[in-house]
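What follows is input_5.txt (compact mmCIF, C-alpha atoms).
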```
# COMPACT_ATOMS: atom_id res chain seq x y z
CA MET A 1 -22.86 94.87 -116.83
CA THR A 2 -21.01 92.18 -114.94
CA PRO A 3 -22.75 88.80 -115.11
CA GLN A 4 -23.76 87.44 -111.68
CA SER A 5 -25.15 84.07 -110.67
CA GLY A 6 -27.51 83.83 -107.66
CA SER A 7 -29.68 81.11 -106.19
CA SER A 8 -32.87 80.07 -107.83
CA LEU A 9 -36.12 79.45 -105.93
CA VAL A 10 -35.68 75.69 -106.34
CA GLY A 11 -32.14 75.95 -105.01
CA LEU A 12 -33.37 77.86 -101.98
CA LEU A 13 -36.11 75.34 -101.31
CA VAL A 14 -33.75 72.41 -101.63
CA GLY A 15 -31.27 74.14 -99.32
CA LEU A 16 -34.02 74.86 -96.83
CA ALA A 17 -35.19 71.24 -96.90
CA LEU A 18 -31.65 69.97 -96.40
CA GLY A 19 -31.11 72.43 -93.56
CA LEU A 20 -34.32 71.34 -91.87
CA LEU A 21 -33.34 67.72 -92.31
CA VAL A 22 -29.96 68.31 -90.66
CA VAL A 23 -31.57 70.28 -87.83
CA GLY A 24 -34.19 67.56 -87.37
CA ILE A 25 -31.56 64.85 -87.17
CA GLY A 26 -29.61 66.98 -84.70
CA VAL A 27 -32.65 67.49 -82.49
CA GLN A 28 -33.50 63.80 -82.61
CA SER A 29 -29.93 62.87 -81.72
CA PHE A 30 -29.87 65.37 -78.88
CA ALA A 31 -33.15 64.04 -77.49
CA TYR A 32 -31.91 60.46 -77.78
CA PHE A 33 -28.61 61.12 -76.08
CA SER A 34 -30.26 63.23 -73.39
CA GLY A 35 -32.65 60.40 -72.64
CA GLU A 36 -29.86 57.86 -72.62
CA THR A 37 -27.78 60.02 -70.30
CA LEU A 38 -30.70 60.36 -67.93
CA ASN A 39 -31.33 56.62 -68.00
CA GLN A 40 -27.67 55.95 -67.40
CA GLN A 41 -27.64 58.29 -64.42
CA VAL A 42 -30.67 56.53 -62.96
CA ARG A 43 -29.09 53.13 -63.54
CA LEU A 44 -25.83 54.30 -62.00
CA ALA A 45 -27.60 55.68 -58.93
CA THR A 46 -29.55 52.44 -58.56
CA ALA A 47 -26.44 50.33 -59.00
CA THR A 48 -24.57 52.38 -56.42
CA SER A 49 -27.41 52.03 -53.95
CA GLN A 50 -27.58 48.31 -54.57
CA ARG A 51 -23.83 47.90 -54.21
CA VAL A 52 -23.81 49.76 -50.90
CA THR A 53 -26.77 47.71 -49.71
CA ALA A 54 -25.17 44.41 -50.68
CA HIS A 55 -22.00 45.46 -48.88
CA PHE A 56 -24.00 46.42 -45.80
CA LEU A 57 -25.89 43.15 -45.85
CA SER A 58 -22.73 41.10 -46.21
CA ALA A 59 -21.14 43.03 -43.34
CA GLN A 60 -24.13 42.24 -41.15
CA ALA A 61 -23.90 38.57 -42.08
CA ARG A 62 -20.15 38.47 -41.50
CA HIS A 63 -20.40 40.16 -38.14
CA ALA A 64 -23.09 37.82 -36.90
CA GLY A 65 -21.31 36.05 -34.11
CA GLY A 66 -17.99 37.03 -35.56
CA LEU A 67 -16.66 38.56 -32.40
CA MET A 68 -17.44 35.63 -30.17
CA PRO A 69 -14.48 33.74 -28.72
CA ALA A 70 -13.71 30.91 -31.13
CA SER A 71 -12.06 27.65 -30.29
CA ALA A 72 -11.83 24.18 -31.69
CA THR A 73 -14.87 23.12 -29.72
CA ASN A 74 -16.89 26.33 -29.74
CA ARG A 75 -18.60 26.38 -33.10
CA ASN A 76 -21.82 27.83 -31.76
CA LEU A 77 -22.45 31.33 -32.89
CA VAL A 78 -24.82 33.74 -31.27
CA SER A 79 -28.27 32.32 -31.64
CA PRO A 80 -30.81 34.18 -33.71
CA GLN A 81 -34.27 34.05 -32.22
CA PRO A 82 -36.63 33.63 -35.16
CA ALA A 83 -39.71 33.82 -32.98
CA THR A 84 -38.90 37.42 -32.17
CA LEU A 85 -37.82 38.32 -35.65
CA SER A 86 -40.17 36.92 -38.25
CA SER A 87 -43.63 37.16 -36.82
CA VAL A 88 -44.71 40.27 -38.70
CA ASP A 89 -42.41 39.94 -41.67
CA ALA A 90 -44.68 37.90 -43.91
CA GLY A 91 -44.75 38.77 -47.55
CA ALA A 92 -41.07 38.44 -48.14
CA ASN A 93 -40.19 37.71 -51.74
CA GLY A 94 -37.73 34.94 -51.14
CA ALA A 95 -35.93 34.25 -47.90
CA VAL A 96 -35.59 36.14 -44.63
CA LEU A 97 -32.12 36.54 -43.20
CA ASN A 98 -31.98 36.73 -39.43
CA VAL A 99 -28.69 37.69 -37.88
CA ALA A 100 -27.68 38.22 -34.28
CA GLN A 101 -24.59 39.60 -32.67
CA PRO A 102 -23.51 39.46 -29.05
CA ALA A 103 -24.28 42.71 -27.27
CA THR A 104 -20.87 42.56 -25.61
CA ALA A 105 -19.01 42.43 -28.91
CA GLY A 106 -17.95 46.05 -28.83
CA LEU A 107 -18.49 49.22 -30.75
CA ASP A 108 -18.65 47.45 -34.11
CA THR A 109 -21.90 45.80 -33.11
CA ALA A 110 -25.04 47.48 -34.36
CA ASP A 111 -28.42 46.50 -35.70
CA CYS A 112 -29.56 47.29 -39.19
CA LEU A 113 -30.55 50.79 -38.15
CA GLY A 114 -27.14 51.47 -36.70
CA ARG A 115 -28.19 51.27 -33.05
CA ARG A 116 -26.85 49.22 -30.19
CA LYS A 117 -30.13 48.20 -28.54
CA ALA A 118 -29.82 44.68 -27.23
CA VAL A 119 -32.55 42.13 -26.62
CA GLY A 120 -31.55 39.25 -24.43
CA ASN A 121 -27.87 40.16 -24.72
CA GLN A 122 -28.16 40.04 -28.49
CA ILE A 123 -28.45 42.66 -31.17
CA GLN A 124 -30.71 41.21 -33.83
CA SER A 125 -31.77 42.23 -37.31
CA SER A 126 -33.88 40.72 -40.04
CA PHE A 127 -33.56 41.40 -43.78
CA TRP A 128 -35.90 40.52 -46.63
CA VAL A 129 -37.17 41.82 -49.96
CA SER A 130 -40.73 43.02 -50.19
CA ASN A 131 -42.45 45.37 -52.64
CA GLU A 132 -39.19 45.85 -54.54
CA ASN A 133 -37.41 47.08 -51.42
CA LEU A 134 -34.86 45.48 -49.20
CA ARG A 135 -36.32 45.90 -45.74
CA CYS A 136 -34.92 45.47 -42.29
CA ARG A 137 -36.27 45.28 -38.79
CA PRO A 138 -34.45 45.04 -35.50
CA SER A 139 -36.05 42.53 -33.20
CA ASN A 140 -37.12 45.16 -30.69
CA GLU A 141 -39.10 47.15 -33.26
CA SER A 142 -42.64 46.38 -34.33
CA SER A 143 -42.30 47.88 -37.80
CA ASN A 144 -39.77 47.60 -40.54
CA GLN A 145 -38.25 50.10 -42.90
CA PRO A 146 -36.81 49.94 -46.41
CA LEU A 147 -33.05 50.10 -46.82
CA SER A 148 -32.87 50.44 -50.58
CA ALA A 149 -35.05 50.08 -53.64
CA GLY A 150 -34.73 48.15 -56.86
CA TRP A 151 -34.71 44.56 -55.66
CA ALA A 152 -36.75 41.68 -57.01
CA GLN A 153 -35.86 38.86 -54.68
CA MET A 154 -33.47 37.57 -52.06
CA THR A 155 -32.62 33.92 -51.73
CA GLY A 156 -29.94 32.25 -49.73
CA GLU A 157 -28.29 29.21 -48.34
CA VAL A 158 -26.56 28.51 -45.10
CA ALA A 159 -23.53 26.28 -44.58
CA ILE A 160 -23.97 24.04 -41.55
CA ALA A 161 -21.14 22.29 -39.76
CA THR A 162 -22.21 18.71 -39.14
CA PRO A 163 -20.31 15.93 -37.38
CA VAL A 164 -19.36 14.47 -40.77
CA GLY A 165 -18.72 17.65 -42.71
CA ILE A 166 -20.48 20.63 -44.26
CA GLN A 167 -23.95 20.83 -45.75
CA TRP A 168 -25.62 23.66 -47.62
CA LEU A 169 -29.26 24.19 -46.66
CA PRO A 170 -31.88 26.71 -47.81
CA LEU A 171 -31.94 29.76 -45.59
CA ALA A 172 -35.41 28.88 -44.35
CA LEU A 173 -34.06 25.60 -42.96
CA SER A 174 -31.22 27.15 -40.98
CA PRO A 175 -31.11 25.98 -37.36
CA PRO A 176 -33.25 28.23 -35.18
CA ASP A 177 -30.57 28.40 -32.53
CA GLY A 178 -27.81 29.21 -35.02
CA ASP A 179 -25.91 26.11 -34.03
CA GLY A 180 -23.10 25.25 -36.39
CA ILE A 181 -23.70 28.02 -38.92
CA LEU A 182 -20.47 28.54 -40.84
CA ALA A 183 -21.52 30.90 -43.61
CA TYR A 184 -24.33 32.44 -45.56
CA ARG A 185 -24.57 32.49 -49.33
CA LEU A 186 -26.91 35.28 -50.30
CA CYS A 187 -28.33 36.09 -53.69
CA LEU A 188 -29.87 39.52 -54.10
CA THR A 189 -31.55 39.88 -57.46
CA ALA A 190 -31.97 43.38 -58.83
CA LEU A 191 -35.07 44.34 -60.79
CA ASP A 192 -34.98 43.78 -64.56
CA THR A 193 -32.40 41.02 -64.25
CA PRO A 194 -32.92 37.28 -64.48
CA VAL A 195 -33.94 35.75 -61.20
CA LEU A 196 -31.23 33.32 -60.10
CA THR A 197 -31.03 31.09 -57.13
CA PRO A 198 -28.00 29.51 -55.50
CA PRO A 199 -25.84 27.88 -56.64
CA ASN A 200 -26.47 29.62 -59.96
CA CYS A 201 -26.32 33.05 -58.40
CA PRO A 202 -22.67 34.00 -58.68
CA LEU A 203 -20.44 36.09 -56.51
CA THR A 204 -22.68 36.43 -53.53
CA HIS A 205 -20.98 34.12 -51.13
CA ARG A 206 -20.54 35.80 -47.78
CA THR A 207 -18.66 33.96 -45.14
CA ARG A 208 -19.63 34.39 -41.59
CA THR A 209 -16.35 35.02 -39.85
CA ARG A 210 -15.69 33.53 -36.49
CA MET B 1 -22.00 82.10 -125.88
CA ARG B 2 -20.12 80.85 -122.80
CA THR B 3 -19.36 83.28 -119.99
CA THR B 4 -16.14 82.86 -118.07
CA LEU B 5 -16.65 83.51 -114.32
CA PRO B 6 -14.03 85.38 -112.33
CA GLN B 7 -11.53 83.25 -110.32
CA ALA B 8 -13.27 84.04 -107.00
CA LEU B 9 -16.57 82.57 -108.16
CA GLN B 10 -15.22 79.25 -109.40
CA GLY B 11 -15.85 76.00 -107.46
CA PHE B 12 -13.50 73.40 -105.96
CA ALA B 13 -10.81 71.83 -108.03
CA LEU B 14 -10.33 68.09 -108.06
CA ILE B 15 -7.15 68.41 -106.05
CA ASP B 16 -9.02 70.33 -103.32
CA ALA B 17 -11.57 67.54 -103.02
CA LEU B 18 -8.84 64.91 -102.86
CA VAL B 19 -6.92 66.76 -100.17
CA ALA B 20 -10.10 67.18 -98.13
CA LEU B 21 -10.84 63.49 -98.59
CA VAL B 22 -7.38 62.51 -97.36
CA ILE B 23 -7.70 64.77 -94.31
CA VAL B 24 -11.11 63.32 -93.46
CA GLY B 25 -9.73 59.81 -93.95
CA ILE B 26 -6.80 60.44 -91.60
CA MET B 27 -9.17 61.83 -88.98
CA THR B 28 -11.48 58.84 -89.35
CA VAL B 29 -8.62 56.38 -88.91
CA GLY B 30 -7.40 58.31 -85.84
CA PHE B 31 -10.81 58.32 -84.24
CA SER B 32 -11.31 54.64 -85.03
CA ASN B 33 -8.02 53.71 -83.39
CA ALA B 34 -8.81 55.81 -80.33
CA TRP B 35 -12.24 54.21 -80.06
CA LEU B 36 -10.76 50.74 -80.46
CA GLN B 37 -8.21 51.42 -77.75
CA PHE B 38 -10.94 52.73 -75.47
CA GLN B 39 -12.99 49.61 -76.08
CA ARG B 40 -10.02 47.36 -75.29
CA THR B 41 -9.23 49.24 -72.11
CA THR B 42 -12.85 49.07 -70.99
CA GLN B 43 -13.01 45.35 -71.74
CA LEU B 44 -9.79 44.70 -69.85
CA THR B 45 -11.06 46.66 -66.85
CA GLN B 46 -14.29 44.66 -66.85
CA MET B 47 -12.36 41.41 -67.06
CA ARG B 48 -10.15 42.45 -64.15
CA GLN B 49 -13.20 43.26 -62.07
CA THR B 50 -14.69 39.89 -62.94
CA ALA B 51 -11.47 38.11 -62.01
CA HIS B 52 -11.29 39.96 -58.69
CA ALA B 53 -14.88 38.99 -57.93
CA LEU B 54 -14.20 35.36 -58.84
CA LEU B 55 -11.17 35.24 -56.56
CA ASP B 56 -13.18 36.81 -53.75
CA ASP B 57 -15.86 34.17 -54.26
CA LEU B 58 -13.23 31.43 -54.10
CA ALA B 59 -11.73 32.91 -50.94
CA GLN B 60 -15.12 32.98 -49.24
CA ASN B 61 -15.74 29.32 -50.09
CA LEU B 62 -12.31 28.25 -48.93
CA LEU B 63 -12.76 30.11 -45.65
CA VAL B 64 -15.83 27.98 -45.05
CA HIS B 65 -13.58 24.97 -45.55
CA ASP B 66 -11.11 26.43 -43.04
CA ALA B 67 -13.84 27.05 -40.48
CA ARG B 68 -14.90 23.42 -40.46
CA PHE B 69 -11.84 21.40 -41.45
CA GLY B 70 -8.92 23.76 -40.80
CA THR B 71 -6.44 25.58 -43.01
CA ALA B 72 -4.05 22.63 -43.26
CA SER B 73 -6.83 20.49 -44.71
CA ARG B 74 -7.62 23.12 -47.31
CA ILE B 75 -3.99 23.48 -48.36
CA THR B 76 -3.63 19.73 -48.65
CA LEU B 77 -6.79 19.23 -50.66
CA THR B 78 -6.83 22.28 -52.93
CA THR B 79 -3.71 21.77 -54.95
CA VAL B 80 -2.91 21.08 -58.58
CA PRO B 81 -4.29 19.88 -60.88
CA LEU B 82 -7.24 22.21 -60.81
CA PRO B 83 -10.42 21.31 -62.71
CA SER B 84 -10.61 22.57 -66.28
CA GLY B 85 -13.97 24.17 -65.72
CA ASP B 86 -15.60 22.97 -68.92
CA ALA B 87 -17.88 20.53 -67.11
CA LEU B 88 -21.10 21.66 -65.45
CA PRO B 89 -20.68 21.23 -61.70
CA GLY B 90 -23.09 18.96 -59.93
CA ILE B 91 -25.25 19.87 -56.98
CA ALA B 92 -22.96 18.85 -54.18
CA CYS B 93 -23.18 19.07 -50.41
CA ARG B 94 -26.90 19.86 -50.39
CA ASP B 95 -28.75 16.60 -50.03
CA ARG B 96 -26.14 15.39 -47.56
CA ALA B 97 -23.08 16.69 -45.75
CA CYS B 98 -19.73 16.53 -47.53
CA ASN B 99 -16.47 15.56 -45.96
CA ALA B 100 -13.38 17.71 -46.47
CA SER B 101 -12.32 16.07 -49.72
CA GLU B 102 -15.80 16.21 -51.25
CA PHE B 103 -16.30 19.81 -50.16
CA SER B 104 -13.00 21.00 -51.63
CA HIS B 105 -13.65 19.10 -54.86
CA ALA B 106 -17.14 20.58 -55.19
CA THR B 107 -15.85 24.06 -54.37
CA LEU B 108 -13.07 23.93 -56.95
CA GLN B 109 -15.27 22.41 -59.62
CA ALA B 110 -17.95 25.07 -59.21
CA TRP B 111 -15.36 27.85 -59.12
CA ALA B 112 -13.49 26.60 -62.18
CA TYR B 113 -16.78 26.40 -64.06
CA ALA B 114 -17.62 29.98 -63.07
CA VAL B 115 -14.19 31.17 -64.23
CA HIS B 116 -14.47 29.24 -67.49
CA SER B 117 -17.89 30.75 -68.15
CA ALA B 118 -16.78 34.33 -67.46
CA LEU B 119 -13.23 34.17 -68.84
CA PRO B 120 -13.03 31.29 -71.34
CA LEU B 121 -9.33 31.80 -72.13
CA ALA B 122 -8.23 32.05 -68.52
CA THR B 123 -5.86 29.60 -66.86
CA LEU B 124 -5.93 28.88 -63.14
CA THR B 125 -2.91 28.18 -61.00
CA VAL B 126 -2.36 27.67 -57.31
CA THR B 127 1.02 27.56 -55.61
CA THR B 128 1.80 27.00 -51.96
CA GLU B 129 4.50 28.85 -50.09
CA SER B 130 5.18 28.79 -46.35
CA GLY B 131 1.65 27.80 -45.46
CA TRP B 132 0.02 30.29 -47.82
CA GLN B 133 -1.64 29.69 -51.15
CA ARG B 134 -1.35 31.99 -54.14
CA TRP B 135 -4.39 31.69 -56.41
CA GLU B 136 -4.03 33.25 -59.83
CA ILE B 137 -6.25 33.84 -62.83
CA ALA B 138 -4.39 34.72 -66.04
CA TRP B 139 -5.76 35.41 -69.51
CA PRO B 140 -4.49 36.95 -72.77
CA GLN B 141 -4.81 40.70 -72.73
CA ASN B 142 -5.57 40.84 -76.44
CA PRO B 143 -6.22 37.37 -77.82
CA SER B 144 -7.27 38.63 -81.27
CA ALA B 145 -4.00 40.49 -81.99
CA MET B 146 -0.80 38.56 -82.47
CA PRO B 147 2.38 40.50 -81.62
CA ALA B 148 4.71 41.18 -84.54
CA ASP B 149 7.40 38.82 -83.26
CA GLY B 150 4.99 35.89 -83.21
CA THR B 151 4.96 35.52 -79.43
CA GLU B 152 1.79 35.06 -77.48
CA SER B 153 -0.27 37.99 -76.27
CA PRO B 154 0.83 39.32 -72.85
CA LEU B 155 -1.17 37.91 -69.98
CA ALA B 156 -3.28 39.87 -67.55
CA ARG B 157 -2.90 38.39 -64.07
CA ILE B 158 -5.00 38.72 -60.96
CA PHE B 159 -4.04 36.84 -57.83
CA ILE B 160 -4.86 36.51 -54.18
CA TRP B 161 -2.99 35.11 -51.19
CA LEU B 162 -5.00 32.96 -48.86
```
Before we go any further, please render this structure as structure tokens.
Amino acid sequence: MTPQSGSSLVGLLVGLALGLLVVGIGVQSFAYFSGETLNQQVRLATATSQRVTAHFLSAQARHAGGLMPASATNRNLVSPQPATLSSVDAGANGAVLNVAQPATAGLDTADCLGRRKAVGNQIQSSFWVSNENLRCRPSNESSNQPLSAGWAQMTGEVAIATPVGIQWLPLALSPPDGDGILAYRLCLTALDTPVLTPPNCPLTHRTRTR
Amino acid sequence: MRTTLPQALQGFALIDALVALVIVGIMTVGFSNAWLQFQRTTQLTQMRQTAHALLDDLAQNLLVHDARFGTASRITLTTVPLPSGDALPGIACRDRACNASEFSHATLQAWAYAVHSALPLATLTVTTESGWQRWEIAWPQNPSAMPADGTESPLARIFIWL
């Protein structure tokens, strides 16, 4: 009879335990990487939304008064009218940005909802962060609407042209008639990131073109 | 009494294990190199994006200067030597208005500090040509690896004309 060597019961049990261990590690790894992939997709979608929003906001700020005739003496941009913009927008976490564009500026002019409805020959929009959303409201609307989610705060500064030079002021102290506004420096802080305020908020400088 | 098993039932020889070990080692080294290269490429891409953003930030600040004081003033005042960037910039032009010189100094100091914080090995240069300025950020592509001939690591360069 030919001698044969098989597996013992202990060998089988050890093999089974090792197999289960490998399978368990595999399942754990799969669950971990699946979760991470899902989180990454959510973060990517949020980041994309925030990037688009920041670009949109900077475009609105740049276009504010940007198509007005500019000259050496005409430094007055189109005047925002805060009284018509901020009355129902309390609760903003941070600053409120009011921008206005001349209604005669052409097809590029639109409010934050993409419309060309003018009020007093101006197309006006307000932006602020509230309840983790960046919200906007055209001046001729009584209610606002969220533009994108995932924001903690918006702060900002405004560069004012003075007779002796340039001065940066908090957004809340910007001249109500928009006189001498050269630029906005906006800082949009995403959720789960450190809250920074200008000038410590980097890379958010948005010049208001003339 | 010892039983000799047939050839087909015998285990691995030492040479088999060594060969397998060498193959696994070669694969590990290959994967490590590929991963390292991927990491370097990713890091370089991130640094380029940072440099682009820093240059955009500078451009926006200098356009504010242009809007108030004119382009000629900016070109005159924002020339070499640029600040080193290792000093924390002060809070300038907030409690009072700055004139052109103060504004350009504050702008460059804050920008150089931001560059130094994000890209510590970067060097900043500005050159003027026919009424235009060329702003450049350059940094070693791979500062940890010295080329075989002893030269410095090639520089990554990002620039903008303004």
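Computed from the coordinates, the atom CA of Thr78 of chain B to atom CA of Ala114 of chain B distance equals 16.7 Å.
Taking atom CA of His65 of chain B as the reference point, atom CA of Arg51 of chain A is found at 26.6 Å.
Shortest atom-to-atom contact with His105 of chain B among B:Thr128, B:Asn142, B:Thr76, B:Thr123: B:Thr76, counting all atoms listed in the file.
Atom to atom, atom CA of Trp128 of chain A and atom CA of Ala183 of chain A stand 17.6 Å apart.
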Quick one: which residues from chain B are at most 9 Å off chain A, using all atoms listed in the file, as a PyMOL selection string?
chain B and resi 3+5+53-54+56-58+60-61+63-65+67-69+91-100+103+110+114
Which residues come within 9 Å of Pro83 of chain B, counting all atoms listed in the file, excluding same-chain residues fewer than 4 positions away, as JSON, numbers by chain?
{"B": [87, 105, 108, 109, 111, 112, 113, 124]}
Store the residues picked out above in a file with C-alpha atoms, as a tab-separated table (two decimals), keeping the file's coordinate frame.
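Result file part_14.tsv:
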```
chain	number	residue	atom	x	y	z
B	87	ALA	CA	-17.88	20.53	-67.11
B	105	HIS	CA	-13.65	19.10	-54.86
B	108	LEU	CA	-13.07	23.93	-56.95
B	109	GLN	CA	-15.27	22.41	-59.62
B	111	TRP	CA	-15.36	27.85	-59.12
B	112	ALA	CA	-13.49	26.60	-62.18
B	113	TYR	CA	-16.78	26.40	-64.06
B	124	LEU	CA	-5.93	28.88	-63.14
```
Test item: write segment 125-138 of chain B with N, CA and C atoms as a PDB file, in the first residue's frame:
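Final output, saved to result_17.pdb:
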```pdb
ATOM      1  N   THR B 125      11.750  86.882  -8.545  1.00  0.00           N
ATOM      2  CA  THR B 125      12.439  87.855  -9.396  1.00  0.00           C
ATOM      3  C   THR B 125      11.400  88.662 -10.163  1.00  0.00           C
ATOM      4  N   VAL B 126      11.755  89.888 -10.447  1.00  0.00           N
ATOM      5  CA  VAL B 126      10.918  90.733 -11.303  1.00  0.00           C
ATOM      6  C   VAL B 126      11.844  91.446 -12.273  1.00  0.00           C
ATOM      7  N   THR B 127      11.478  91.409 -13.539  1.00  0.00           N
ATOM      8  CA  THR B 127      12.237  92.125 -14.564  1.00  0.00           C
ATOM      9  C   THR B 127      11.265  92.980 -15.368  1.00  0.00           C
ATOM     10  N   THR B 128      11.750  94.089 -15.832  1.00  0.00           N
ATOM     11  CA  THR B 128      10.915  95.018 -16.592  1.00  0.00           C
ATOM     12  C   THR B 128      11.401  95.066 -18.036  1.00  0.00           C
ATOM     13  N   GLU B 129      10.423  95.030 -18.941  1.00  0.00           N
ATOM     14  CA  GLU B 129      10.770  95.029 -20.361  1.00  0.00           C
ATOM     15  C   GLU B 129       9.668  95.739 -21.131  1.00  0.00           C
ATOM     16  N   SER B 130      10.020  96.855 -21.746  1.00  0.00           N
ATOM     17  CA  SER B 130       9.087  97.608 -22.595  1.00  0.00           C
ATOM     18  C   SER B 130       7.782  97.925 -21.878  1.00  0.00           C
ATOM     19  N   GLY B 131       7.887  98.365 -20.642  1.00  0.00           N
ATOM     20  CA  GLY B 131       6.684  98.747 -19.925  1.00  0.00           C
ATOM     21  C   GLY B 131       5.902  97.599 -19.336  1.00  0.00           C
ATOM     22  N   TRP B 132       6.453  96.397 -19.393  1.00  0.00           N
ATOM     23  CA  TRP B 132       5.793  95.232 -18.785  1.00  0.00           C
ATOM     24  C   TRP B 132       6.720  94.637 -17.741  1.00  0.00           C
ATOM     25  N   GLN B 133       6.106  94.050 -16.732  1.00  0.00           N
ATOM     26  CA  GLN B 133       6.886  93.374 -15.700  1.00  0.00           C
ATOM     27  C   GLN B 133       6.682  91.870 -15.787  1.00  0.00           C
ATOM     28  N   ARG B 134       7.782  91.152 -15.622  1.00  0.00           N
ATOM     29  CA  ARG B 134       7.719  89.687 -15.597  1.00  0.00           C
ATOM     30  C   ARG B 134       8.028  89.235 -14.176  1.00  0.00           C
ATOM     31  N   TRP B 135       7.008  88.720 -13.512  1.00  0.00           N
ATOM     32  CA  TRP B 135       7.152  88.236 -12.134  1.00  0.00           C
ATOM     33  C   TRP B 135       7.317  86.725 -12.177  1.00  0.00           C
ATOM     34  N   GLU B 136       8.338  86.251 -11.464  1.00  0.00           N
ATOM     35  CA  GLU B 136       8.630  84.819 -11.524  1.00  0.00           C
ATOM     36  C   GLU B 136       8.856  84.247 -10.133  1.00  0.00           C
ATOM     37  N   ILE B 137       8.307  83.056  -9.936  1.00  0.00           N
ATOM     38  CA  ILE B 137       8.602  82.257  -8.744  1.00  0.00           C
ATOM     39  C   ILE B 137       9.327  81.011  -9.225  1.00  0.00           C
ATOM     40  N   ALA B 138      10.510  80.748  -8.662  1.00  0.00           N
ATOM     41  CA  ALA B 138      11.288  79.558  -9.043  1.00  0.00           C
ATOM     42  C   ALA B 138      11.681  78.806  -7.786  1.00  0.00           C
TER      43      ALA B 138
END
```
